[in-house]
$ cat run-v2.cif   # mmCIF, C-alpha atoms
data_query
#
loop_
_atom_site.label_atom_id
_atom_site.label_comp_id
_atom_site.auth_asym_id
_atom_site.auth_seq_id
_atom_site.Cartn_x
_atom_site.Cartn_y
_atom_site.Cartn_z
CA MET A 1 12.16 27.38 30.54
CA SER A 2 10.24 27.82 33.78
CA LEU A 3 12.18 28.79 36.90
CA HIS A 4 9.66 26.95 39.06
CA LYS A 5 9.51 23.26 39.84
CA GLU A 6 6.23 21.47 39.26
CA ASP A 7 4.32 20.65 42.44
CA ALA A 8 1.51 18.21 43.20
CA ARG A 9 -1.40 20.26 41.85
CA SER A 10 -3.59 18.62 39.22
CA LYS A 11 -4.52 21.88 37.45
CA LYS A 12 -8.06 20.52 37.24
CA ILE A 13 -10.92 22.36 38.95
CA ILE A 14 -14.65 21.95 39.33
CA PHE A 15 -17.05 24.68 40.46
CA VAL A 16 -19.65 23.32 42.88
CA ALA A 17 -23.02 24.71 43.97
CA ASN A 18 -22.89 26.24 47.44
CA CYS A 19 -25.46 23.94 49.06
CA LEU A 20 -23.61 20.77 48.02
CA LEU A 21 -20.88 21.87 50.43
CA ASN A 22 -23.21 23.47 52.98
CA ALA A 23 -26.74 22.11 53.35
CA ASN A 24 -27.49 24.87 55.85
CA ASN A 25 -28.03 27.22 52.91
CA LYS A 26 -30.75 25.08 51.34
CA VAL A 27 -34.29 26.36 51.57
CA ARG A 28 -36.03 24.65 54.47
CA GLU A 29 -37.21 21.03 54.01
CA PHE A 30 -34.94 20.45 51.00
CA ALA A 31 -31.68 19.40 52.69
CA ARG A 32 -30.85 15.73 52.07
CA TYR A 33 -27.75 15.64 54.32
CA SER A 34 -26.61 17.31 57.54
CA GLY A 35 -23.62 19.32 56.34
CA MET A 36 -21.95 18.63 53.01
CA PHE A 37 -22.79 15.99 50.43
CA SER A 38 -19.61 14.15 51.39
CA GLU A 39 -20.08 11.32 48.89
CA VAL A 40 -19.92 13.85 46.05
CA ILE A 41 -16.72 15.32 47.49
CA ARG A 42 -15.17 11.85 47.67
CA ILE A 43 -15.90 11.36 43.98
CA LEU A 44 -14.27 14.69 43.13
CA ASP A 45 -11.27 13.91 45.33
CA HIS A 46 -10.87 10.54 43.62
CA PHE A 47 -10.21 12.40 40.37
CA GLY A 48 -7.85 14.91 41.98
CA LEU A 49 -10.11 17.89 41.35
CA GLY A 50 -9.79 21.19 43.17
CA VAL A 51 -13.19 22.45 44.36
CA MET A 52 -14.41 26.04 44.03
CA GLN A 53 -17.61 26.75 45.96
CA LEU A 54 -20.10 28.91 44.10
CA PRO A 55 -22.00 31.58 46.06
CA CYS A 56 -25.63 30.99 47.04
CA PRO A 57 -27.57 33.91 45.53
CA GLU A 58 -30.81 32.96 47.28
CA THR A 59 -29.26 33.02 50.77
CA LEU A 60 -27.45 36.30 50.15
CA TYR A 61 -30.53 37.94 48.60
CA MET A 62 -33.36 36.48 50.71
CA GLY A 63 -31.71 34.98 53.82
CA ASN A 64 -31.90 31.53 55.37
CA GLN A 65 -35.57 31.82 56.37
CA ARG A 66 -36.75 32.51 52.82
CA TRP A 67 -39.94 30.99 51.47
CA TRP A 68 -39.89 28.34 48.79
CA ASN A 69 -39.77 30.20 45.49
CA SER A 70 -40.11 29.29 41.84
CA ARG A 71 -38.20 30.47 38.80
CA ASN A 72 -40.83 32.98 37.72
CA LEU A 73 -40.70 34.72 41.12
CA TYR A 74 -36.91 35.11 40.90
CA ASP A 75 -37.05 36.15 37.25
CA ASN A 76 -36.97 39.90 37.79
CA THR A 77 -34.52 42.67 36.97
CA GLY A 78 -33.20 43.17 40.51
CA TYR A 79 -32.46 39.50 41.17
CA ARG A 80 -30.88 39.04 37.74
CA ARG A 81 -28.66 42.07 38.37
CA PHE A 82 -27.60 40.59 41.71
CA CYS A 83 -26.89 37.19 40.12
CA ARG A 84 -24.85 38.86 37.38
CA GLN A 85 -22.70 40.60 39.99
CA LEU A 86 -21.96 37.24 41.62
CA ALA A 87 -21.42 35.66 38.21
CA SER A 88 -18.83 38.31 37.39
CA GLN A 89 -16.75 37.33 40.43
CA THR A 90 -17.00 33.64 39.55
CA THR A 91 -15.95 34.36 35.97
CA ASP A 92 -12.88 36.22 37.25
CA TYR A 93 -11.66 32.86 38.57
CA LEU A 94 -12.46 31.17 35.27
CA GLU A 95 -10.54 33.84 33.39
CA ASN A 96 -7.53 33.49 35.68
CA TYR A 97 -7.53 29.70 35.25
CA GLU A 98 -7.78 30.09 31.48
CA LYS A 99 -4.67 32.29 31.46
CA VAL A 100 -2.55 29.66 33.22
CA ASP A 101 -4.02 26.78 31.21
CA TYR A 102 -5.83 25.11 34.10
CA ASP A 103 -8.74 22.86 33.14
CA VAL A 104 -12.14 23.79 34.59
CA VAL A 105 -13.67 20.35 34.18
CA ALA A 106 -17.29 21.26 34.91
CA ILE A 107 -19.76 23.27 36.93
CA LEU A 108 -21.74 21.04 39.30
CA THR A 109 -25.19 22.32 40.24
CA CYS A 110 -28.57 21.16 41.56
CA ASP A 111 -31.11 20.54 38.82
CA GLY A 112 -34.60 21.76 39.62
CA SER A 113 -33.36 24.76 41.59
CA PRO A 114 -34.98 28.03 40.44
CA THR A 115 -31.56 29.67 40.78
CA CYS A 116 -28.94 26.99 40.11
CA GLY A 117 -30.71 24.42 37.95
CA SER A 118 -28.63 23.38 34.95
CA THR A 119 -31.36 22.25 32.55
CA MET A 120 -34.52 22.36 34.68
CA SER A 121 -35.95 24.72 37.27
CA SER A 122 -39.09 24.79 39.39
CA TYR A 123 -41.97 26.89 38.12
CA CYS A 124 -45.45 27.85 39.29
CA GLU A 125 -47.27 30.51 37.30
CA ASP A 126 -49.80 31.32 40.04
CA TRP A 127 -47.40 31.43 42.99
CA GLY A 128 -47.43 34.83 44.69
CA GLY A 129 -49.26 36.84 47.30
CA ARG A 130 -50.31 34.96 50.45
CA PRO A 131 -47.72 32.28 51.37
CA LYS A 132 -49.09 28.82 50.68
CA GLU A 133 -47.90 25.51 49.31
CA VAL A 134 -48.81 25.07 45.67
CA PRO A 135 -47.97 22.38 43.13
CA ARG A 136 -44.75 23.13 41.28
CA THR A 137 -43.65 21.84 37.92
CA LEU A 138 -40.20 21.57 36.38
CA VAL A 139 -39.64 23.52 33.18
CA ASP A 140 -36.85 22.97 30.67
CA GLN A 141 -35.02 26.16 31.59
CA PRO A 142 -31.89 26.71 33.67
CA GLY A 143 -32.00 28.63 36.93
CA ILE A 144 -31.55 32.41 36.95
CA TYR A 145 -27.98 32.37 38.31
CA MET A 146 -26.87 29.73 35.83
CA GLU A 147 -28.29 31.81 32.98
CA GLU A 148 -26.47 34.92 34.14
CA LEU A 149 -23.23 32.99 34.71
CA LYS A 150 -23.38 31.59 31.19
CA LYS A 151 -23.98 35.08 29.76
CA GLU A 152 -21.03 36.53 31.69
CA ILE A 153 -18.67 33.76 30.57
CA MET A 154 -19.74 34.05 26.94
CA GLU A 155 -19.45 37.84 26.92
CA ARG A 156 -15.81 37.46 27.98
CA GLN A 157 -15.36 34.94 25.16
CA LEU A 158 -14.21 32.21 27.52
CA PRO A 159 -14.96 28.49 27.11
CA VAL A 160 -18.19 27.60 28.90
CA PRO A 161 -17.55 24.57 31.14
CA PHE A 162 -19.91 21.63 31.00
CA ILE A 163 -22.75 22.17 33.48
CA TYR A 164 -23.98 19.03 35.25
CA GLY A 165 -27.05 19.12 37.46
CA LEU A 166 -27.52 16.62 40.27
CA ALA A 167 -31.22 15.73 40.50
CA MET A 168 -31.44 16.98 44.08
CA ASP A 169 -34.99 18.34 43.78
CA ASP A 170 -36.39 15.10 42.36
CA ARG A 171 -38.06 13.52 45.39
CA ASN A 172 -38.40 10.23 43.48
CA ARG A 173 -34.65 9.72 43.21
CA THR A 174 -32.52 8.55 46.11
CA ASN A 175 -29.08 9.88 46.98
CA ASP A 176 -27.59 6.55 45.89
CA GLN A 177 -29.20 6.84 42.46
CA ILE A 178 -28.00 10.43 42.07
CA LEU A 179 -24.46 9.49 43.11
CA ALA A 180 -24.31 6.46 40.82
CA ALA A 181 -25.26 8.55 37.78
CA PHE A 182 -22.76 11.28 38.66
CA SER A 183 -19.93 8.84 39.37
CA GLU A 184 -20.45 7.12 36.03
CA PHE A 185 -20.52 10.47 34.26
CA MET A 186 -17.23 11.59 35.84
CA GLU A 187 -15.56 8.23 35.24
CA ASN A 188 -16.41 8.32 31.55
CA MET A 189 -15.69 12.00 31.01
CA LEU A 190 -12.25 12.05 32.65
CA ALA A 191 -10.94 8.71 31.42
CA THR A 192 -9.62 9.96 28.05
CA PRO A 193 -10.29 12.96 25.78
CA GLU A 194 -12.15 10.62 23.43
CA ASN A 195 -14.35 9.34 26.24
CA LYS A 196 -15.06 12.90 27.32
CA GLN A 197 -16.46 13.89 23.94
CA GLU A 198 -18.49 10.69 23.72
CA THR A 199 -19.88 11.21 27.23
CA LEU A 200 -20.86 14.80 26.50
CA ALA A 201 -22.60 13.69 23.33
CA LYS A 202 -24.57 10.92 25.03
CA THR A 203 -25.43 12.46 28.38
CA ASP A 204 -28.98 13.69 28.94
CA VAL A 205 -27.61 16.71 30.80
CA LYS A 206 -27.51 19.84 28.66
CA SER A 207 -24.11 21.28 27.80
CA TRP A 208 -23.69 25.00 27.27
CA ARG A 209 -20.20 24.58 25.85
CA GLN A 210 -19.73 26.84 22.87
CA HIS A 211 -19.20 25.19 19.50
#
$ encode --input "run-v2.cif" --output "structure tokens"
Amino acid sequence: MSLHKEDARSKKIIFVANCLLNANNKVREFARYSGMFSEVIRILDHFGLGVMQLPCPETLYMGNQRWWNSRNLYDNTGYRRFCRQLASQTTDYLENYEKVDYDVVAILTCDGSPTCGSTMSSYCEDWGGRPKEVPRTLVDQPGIYMEELKKEIMERQLPVPFIYGLAMDDRNRTNDQILAAFSEFMENMLATPENKQETLAKTDVKSWRQH
């Protein structure tokens, strides 16, 4: 029997990409809001979720005045090593929560990001050398940090939370469209355990949960 009384905590947590809570860390010209994406936070609060802010590898590694970059430019040994170091710290939290039976509901990221994309990341094979704007494409690969975070979690044999990517880099989608899709996803996933499995099976967002 526990000697402690239960308090108000939900024991449910979601890890959230840094720039969703602080647009000032977005690469220039990509911020959709002035500070935090407050509508997303309201959705999370509605479900009683605690929020853990992920680090921003790009800001720490390249600074706030960094150039636009693509996945292939970040895909190098030094940047992967740096991302793995950050991923190790994040996974420490996941491991602690696992020990006390807290539910890490998901990891919420920005799809299209070369670092934090969940299923897609920006790519330009010829980008390099003299700074210039070039056409980018989205490839069906996660960002570098998300890849390293997944590896770290799996190496510790922990459950890999569902990774949901908001389509923040899709200039054809409005904030309202992005929010509507995310709100529906959360509503369905957290309603009942049965709904959660059905939602994960139907969603077009890739899950890295181990089977």
$ resolve_selection --input "run-v2.cif" --expression "the PyMOL selection byres ((chain A and resi 21) around 9)" --output "PyMOL selection string"
chain A and resi 16-20+22-23+35-38+41+53
$ write_last_selection --input "run-v2.cif" --atoms "C-alpha atoms" --output "CSV table (one decimal), in the frame of the given file"
chain,number,residue,atom,x,y,z
A,16,VAL,CA,-19.6,23.3,42.9
A,17,ALA,CA,-23.0,24.7,44.0
A,18,ASN,CA,-22.9,26.2,47.4
A,19,CYS,CA,-25.5,23.9,49.1
A,20,LEU,CA,-23.6,20.8,48.0
A,22,ASN,CA,-23.2,23.5,53.0
A,23,ALA,CA,-26.7,22.1,53.4
A,35,GLY,CA,-23.6,19.3,56.3
A,36,MET,CA,-22.0,18.6,53.0
A,37,PHE,CA,-22.8,16.0,50.4
A,38,SER,CA,-19.6,14.2,51.4
A,41,ILE,CA,-16.7,15.3,47.5
A,53,GLN,CA,-17.6,26.8,46.0
$ atom_distance --input "run-v2.cif" --atom1 "atom CA of Ser118 of chain A" --atom2 "atom CA of Val160 of chain A"
12.8 Å
$ resolve_selection --input "run-v2.cif" --expression "the PyMOL selection byres ((chain A and resi 161) around 8)" --output "list in words"
Val104, Val105, Ala106, Ile107, Pro159, Val160, Phe162, Ile163, Trp208 and Arg209 of chain A
$ write_last_selection --input "run-v2.cif" --atoms "C-alpha atoms" --output "mmCIF file, keeping the file's coordinate frame"
data_model
loop_
_atom_site.group_PDB
_atom_site.id
_atom_site.type_symbol
_atom_site.label_atom_id
_atom_site.label_comp_id
_atom_site.auth_asym_id
_atom_site.auth_seq_id
_atom_site.Cartn_x
_atom_site.Cartn_y
_atom_site.Cartn_z
ATOM 1 C CA VAL A 104 -12.140 23.790 34.590
ATOM 2 C CA VAL A 105 -13.670 20.350 34.180
ATOM 3 C CA ALA A 106 -17.290 21.260 34.910
ATOM 4 C CA ILE A 107 -19.760 23.270 36.930
ATOM 5 C CA PRO A 159 -14.960 28.490 27.110
ATOM 6 C CA VAL A 160 -18.190 27.600 28.900
ATOM 7 C CA PHE A 162 -19.910 21.630 31.000
ATOM 8 C CA ILE A 163 -22.750 22.170 33.480
ATOM 9 C CA TRP A 208 -23.690 25.000 27.270
ATOM 10 C CA ARG A 209 -20.200 24.580 25.850
#
$ resolve_selection --input "run-v2.cif" --expression "the PyMOL selection byres ((chain A and resi 89-102) around 10)" --output "ChimeraX atom specification"
/A:10-13,15,52-55,84-88,103-105,149-150,152-154,156-161
$ closest_residue --input "run-v2.cif" --among "A:Ser70, A:Pro135, A:Arg173, A:Thr77" --to "Ser122 of chain A" --atoms "all atoms listed in the file"
A:Ser70
$ closest_residue --input "run-v2.cif" --among "A:Leu108, A:Met120, A:Cys56, A:Val139" --to "Lys26 of chain A" --atoms "all atoms listed in the file"
A:Cys56
$ residues_around --input "run-v2.cif" --residues "Leu73 of chain A" --least-positions-apart "3" --cutoff "12 Å" --atoms "all atoms listed in the file" --output "list in words"
Glu58, Trp67, Trp68, Asn69, Ser70, Asn76, Thr77, Gly78, Tyr79, Arg80, Pro114, Thr115, Ser121, Ser122, Tyr123, Cys124, Glu125, Asp126, Trp127, Gly128, Gly129, Gly143 and Ile144 of chain A
$ closest_residue --input "run-v2.cif" --among "A:Thr174, A:Thr109, A:Asn24, A:Thr59" --to "Cys83 of chain A" --atoms "all atoms listed in the file"
A:Thr59
$ atom_distance --input "run-v2.cif" --atom1 "atom CA of Ala167 of chain A" --atom2 "atom CA of Arg71 of chain A"
16.4 Å
$ atom_distance --input "run-v2.cif" --atom1 "atom CA of Asn175 of chain A" --atom2 "atom CA of Tyr33 of chain A"
9.4 Å
$ closest_residue --input "run-v2.cif" --among "A:Ala8, A:Leu3, A:Cys116, A:Met186" --to "Gln141 of chain A" --atoms "all atoms listed in the file"
A:Cys116
$ decode --input "run-v2.cif" --residues "segment 26-141 of chain A" --atoms "C-alpha atoms" --output "short mmCIF file (atom, residue, chain, number, x, y, z; two decimals), in the first residue's frame"
data_model
loop_
_atom_site.label_atom_id
_atom_site.label_comp_id
_atom_site.auth_asym_id
_atom_site.auth_seq_id
_atom_site.Cartn_x
_atom_site.Cartn_y
_atom_site.Cartn_z
CA LYS A 26 12.22 28.56 -36.25
CA VAL A 27 14.47 29.23 -39.21
CA ARG A 28 13.66 32.66 -40.61
CA GLU A 29 10.48 33.05 -42.73
CA PHE A 30 8.95 29.81 -41.42
CA ALA A 31 7.23 31.03 -38.23
CA ARG A 32 3.42 30.90 -38.51
CA TYR A 33 2.73 32.51 -35.10
CA SER A 34 4.37 35.12 -32.88
CA GLY A 35 5.31 33.05 -29.83
CA MET A 36 3.81 29.63 -29.19
CA PHE A 37 1.22 27.75 -31.22
CA SER A 38 -1.31 28.40 -28.48
CA GLU A 39 -4.16 26.56 -30.19
CA VAL A 40 -2.12 23.35 -30.05
CA ILE A 41 -1.45 23.89 -26.34
CA ARG A 42 -5.17 24.37 -25.71
CA ILE A 43 -5.86 21.01 -27.36
CA LEU A 44 -3.25 19.32 -25.18
CA ASP A 45 -4.57 21.01 -22.05
CA HIS A 46 -8.09 19.87 -22.91
CA PHE A 47 -6.88 16.28 -22.57
CA GLY A 48 -4.96 16.96 -19.35
CA LEU A 49 -1.56 16.26 -20.87
CA GLY A 50 1.70 17.40 -19.34
CA VAL A 51 3.99 18.97 -21.95
CA MET A 52 7.72 18.26 -22.29
CA GLN A 53 9.52 20.61 -24.68
CA LEU A 54 12.06 18.90 -26.91
CA PRO A 55 15.36 20.70 -27.59
CA CYS A 56 15.93 22.43 -30.92
CA PRO A 57 19.08 20.83 -32.36
CA GLU A 58 19.28 23.30 -35.25
CA THR A 59 19.31 26.36 -32.99
CA LEU A 60 21.86 24.86 -30.61
CA TYR A 61 24.10 23.66 -33.44
CA MET A 62 23.75 26.49 -36.00
CA GLY A 63 22.21 29.44 -34.12
CA ASN A 64 19.16 31.57 -34.80
CA GLN A 65 20.58 33.17 -37.96
CA ARG A 66 21.16 29.84 -39.70
CA TRP A 67 20.45 29.40 -43.39
CA TRP A 68 17.60 27.26 -44.61
CA ASN A 69 18.96 23.72 -44.79
CA SER A 70 17.77 20.41 -46.16
CA ARG A 71 18.01 16.91 -44.76
CA ASN A 72 21.02 15.93 -46.85
CA LEU A 73 23.03 18.89 -45.52
CA TYR A 74 22.31 17.90 -41.91
CA ASP A 75 22.92 14.22 -42.61
CA ASN A 76 26.53 14.08 -41.47
CA THR A 77 28.39 12.35 -38.66
CA GLY A 78 28.90 15.44 -36.50
CA TYR A 79 25.28 16.57 -36.56
CA ARG A 80 24.00 13.04 -35.97
CA ARG A 81 26.34 12.71 -32.98
CA PHE A 82 25.01 16.00 -31.59
CA CYS A 83 21.40 14.91 -32.13
CA ARG A 84 22.10 11.59 -30.42
CA GLN A 85 23.45 13.41 -27.37
CA LEU A 86 20.23 15.42 -27.14
CA ALA A 87 18.18 12.30 -27.80
CA SER A 88 19.89 10.57 -24.89
CA GLN A 89 18.72 13.28 -22.49
CA THR A 90 15.18 13.11 -23.84
CA THR A 91 15.15 9.33 -23.49
CA ASP A 92 16.21 9.67 -19.84
CA TYR A 93 12.82 11.29 -19.23
CA LEU A 94 11.05 8.54 -21.16
CA GLU A 95 12.84 5.90 -19.11
CA ASN A 96 11.92 7.62 -15.84
CA TYR A 97 8.27 7.85 -16.88
CA GLU A 98 8.27 4.19 -17.88
CA LYS A 99 9.50 3.21 -14.40
CA VAL A 100 6.60 4.96 -12.67
CA ASP A 101 4.03 3.79 -15.23
CA TYR A 102 3.28 7.21 -16.69
CA ASP A 103 1.85 7.21 -20.21
CA VAL A 104 3.85 9.09 -22.85
CA VAL A 105 0.96 9.57 -25.24
CA ALA A 106 2.92 10.81 -28.25
CA ILE A 107 5.77 12.88 -29.62
CA LEU A 108 4.47 15.92 -31.51
CA THR A 109 6.76 17.26 -34.22
CA CYS A 110 6.75 19.37 -37.39
CA ASP A 111 6.56 17.31 -40.56
CA GLY A 112 8.80 18.53 -43.36
CA SER A 113 11.53 19.68 -41.00
CA PRO A 114 14.97 18.31 -41.97
CA THR A 115 15.61 17.72 -38.26
CA CYS A 116 12.25 17.04 -36.61
CA GLY A 117 10.05 15.72 -39.41
CA SER A 118 8.13 12.61 -38.40
CA THR A 119 7.54 10.99 -41.79
CA MET A 120 8.78 13.63 -44.25
CA SER A 121 11.72 15.99 -44.43
CA SER A 122 12.91 18.62 -46.88
CA TYR A 123 15.57 17.57 -49.36
CA CYS A 124 17.60 19.19 -52.13
CA GLU A 125 20.42 17.15 -53.62
CA ASP A 126 22.21 20.14 -55.19
CA TRP A 127 21.99 22.52 -52.23
CA GLY A 128 25.42 23.58 -51.03
CA GLY A 129 28.16 26.11 -51.65
CA ARG A 130 27.02 29.68 -52.39
CA PRO A 131 23.85 30.54 -50.41
CA LYS A 132 20.85 30.73 -52.73
CA GLU A 133 17.21 29.74 -52.74
CA VAL A 134 16.63 26.48 -54.54
CA PRO A 135 13.53 24.32 -55.00
CA ARG A 136 13.14 21.80 -52.20
CA THR A 137 11.21 18.57 -52.24
CA LEU A 138 9.81 16.48 -49.41
CA VAL A 139 11.14 12.94 -49.13
CA ASP A 140 9.55 10.09 -47.20
CA GLN A 141 12.18 10.08 -44.48
#
